[in-house]
Number of protein chains: 2
Amino acid sequence: MIKSTIEKILTEELAEIWALLTNDEKRLLIDNFTIHHYKKNQIIYAEKEEPEYLWALIDGKVKKYKDGVGGRVQIIRLINPGQYFGYRAYFAGEPYVSSAATLEPSTLGTLPMALVEEMISKNNGLAMFFIHELSRNLGNSDTKIVNLTQKHIRGRLAEALIVLLDNYGYEEDDNMTLKIYMAREDLANLSNMTTSNAIRTLSNFVSEKIIVVDGRKIKILNEPMLRKISKFG
Amino acid sequence: MIKSTIEKILTEELAEIWALLTNDEKRLLIDNFTIHHYKKNQIIYAEKEEPEYLWALIDGKVKKYKDGVGGRVQIIRLINPGQYFGYRAYFAGEPYVSSAATLEPSTLGTLPMALVEEMISKNNGLAMFFIHELSRNLGNSDTKIVNLTQKHIRGRLAEALIVLLDNYGYEEDDNMTLKIYMAREDLANLSNMTTSNAIRTLSNFVSEKIIVVDGRKIKILNEPMLRKISKFG
DNA sequence: AATTTTGTATGCTATATAACATAGTTACGC
DNA sequence: GCGTAACTATGTTATATAGCATACAAAATT
């Protein structure tokens with residue numbers, strides 16, 4: 001039955017919010033939560049659209065990005081399963097300033113923001129949850145500003161690889177291969193450089209035995225060195 | 001009497017929060033709100049310190065900035081009278097990731113964050129206020145990432161001047177002169193360039209009759225052009 | 001008032017990285 | 001399975017901007 005599937009997802013994948021709710025709120029959530037399936041590289045919402053839903057990533061990988069000057073794209077955040085997005089613009093009372101798209105086939109859930117706002121106004125634990133999330137994201141954004149503007153190309157790419165590692169971790173079988181297979185272009189858009197330079201710098205890291213590359217699979221051989229380059233590069 | 005001065009400030013300068021409170025909360029606020037006077041270019045708090053207070057700017061001007069690679073500094077936000085800062089790190093449960101300092105002699109108020117948190121947990125209007133603030137700041141930060149990484153030097157400086165205009169406005173008497181007198185170095189740190197290049201680009205804008213400069217006074221002659229450069233530069 | 005320090009201005013040089021070009025390689029649709 | 005498109009790789013050139021040097025002006029300190 002559909003309802004029980006939703007309940008399973010809410011209690012297991014989105015436990016963080018679920019735990020904060022009263023029984024009435026849980027019921028409301030079940031009744032209004034909708035599951036969506038997205039293909040790889042599909043746009044979820046785009047800049048300038050009006051925010052209407054809270055999005056929850058249940059399974060898969062999602063990027064948030066901004067289209068900038070002259071066709072350049074900047075990836076500003078990566079979303080993991082169990083995380084929420086798409087709510088900031090609604091809370092700020094403005095249209096989206098960034099777009100969201102899947103990096104792989106993904107399962108997502110939506111909840112109308114009007115309902116979320118309603119629930120927040122009555123549930124302080126939920127309000128604190130969003131205050132906490134927004135605060136962490138804002139800190140990351142501020143840090144990103146300095147990383148992207150002041151570090152050199154090697155430092156920025158190393159940083160991007162560390163971000164991928166922190167977000168998605170290693171494959172279980174070898175504990176070395178990044179659990180995300182990104183196009184070089186996405187890697188470039190994450191670290192504010194051209195695709196050519198992402199490829200080139202990646203090759204340099206391979207020559208220096210810091211990583212091994214097999215297509216889109218990236219195996220990190222020397223994580224401390226990568227962190228060092230990220231920090232001082 | 002001191003208490004009545006504080007009450008005057010709270011009701012007039014910090015009306016936005018005041019209006020959201022119950023009588024008991026207002027009393028609590030008056031009893032725990034402390035006024036501080038800072039000189040020009042004085043550090044309020046520094047990166048890596050533990051956040052303890054909510055800061056309210058009552059009068060003056062404050063910059064939030066991050067020290068980056070090789071002595072470079074990035075100004076990430078400007079604070080106006082009536083605005084609050086210093087709370088993000090506390091909510092995120094981490095030390096400060098940026099520093100705060102005055103740009104001119106300023107009057108500030110503090111409130112212990114533990115009290116703010118306590119009040120938020122009981123007052124949903126207050127919680128929504130912070131959710132709204134954090135959401136707006138996060139949108140600005142994300143936009144800043146793209147502005148600073150993708151725009152050319154002229155666009156970045158034009159953008160910085162627009163930010164100063166939007167934050168502090170024009171002098172009342174001529175409606176053209178920016179109501180903030182910043183060092184060229186601060187201007188550079190705001191727009192991610194060296195001081196030399198800020199001076200040079202500012203001179204170019206003068207040659208092009210977009211602005212007039214008299215020491216630190218900047219008069220904007222052609223605001224539409226400046227906005228155009230900011231947008232496409 | 002004299003002296004030091006700090007800020008502003010401008011020219012020249014070096015360099016990191018974008019832009020462009022070309023080619024090989026892999027994935028994908030028919 | 002073949003042809004086309006998308007992706008990866010690498011070399012070369014162009015250029016925006018940092019870095020450095022020098023000079024002058026203004027402000028602060030003695």
# chains A, B, ... in the order shown; residues from 1 in each chain; ligands from 1
>>> residues_around(residues="Ala160 in chain B", least_positions_apart="3", cutoff="9 Å", atoms="only C-alpha atoms (C1' of nucleotides)", output="list in words")
Gly155, Arg156, Leu157, Val163, Leu164, Leu165, Leu187, Ala188, Leu190, Ser191 and Ser230 of chain B
>>> closest_atom_pairs(of="chain C", to="chain A", cutoff="9 Å", atoms="only C-alpha atoms (C1' of nucleotides)", output="JSON lines")
{"residue": "C:DA16", "atom": "C1'", "partner": "A:His152", "partner_atom": "CA", "distance": 8.2}
{"residue": "C:DT17", "atom": "C1'", "partner": "A:Asn197", "partner_atom": "CA", "distance": 8.1}
{"residue": "C:DA18", "atom": "C1'", "partner": "A:Thr194", "partner_atom": "CA", "distance": 7.3}
>>> closest_residue(among="B:Asn147, B:Lys179, B:Arg154, B:Ala100", to="chain D", atoms="only C-alpha atoms (C1' of nucleotides)")
B:Arg154
>>> closest_residue(among="A:Lys151, A:Arg184, A:Arg200, A:Arg227", to="chain B", atoms="only C-alpha atoms")
A:Lys151
>>> residues_around(residues="range 48-65 of chain B", least_positions_apart="6", cutoff="7 Å", atoms="only C-alpha atoms (C1' of nucleotides)", output="ChimeraX atom specification")
/B:13,73-87,89-90,95-113
>>> atom_distance(atom1="CA of Arg136 in chain B", atom2="CA of Met182 in chain B")
24.7 Å
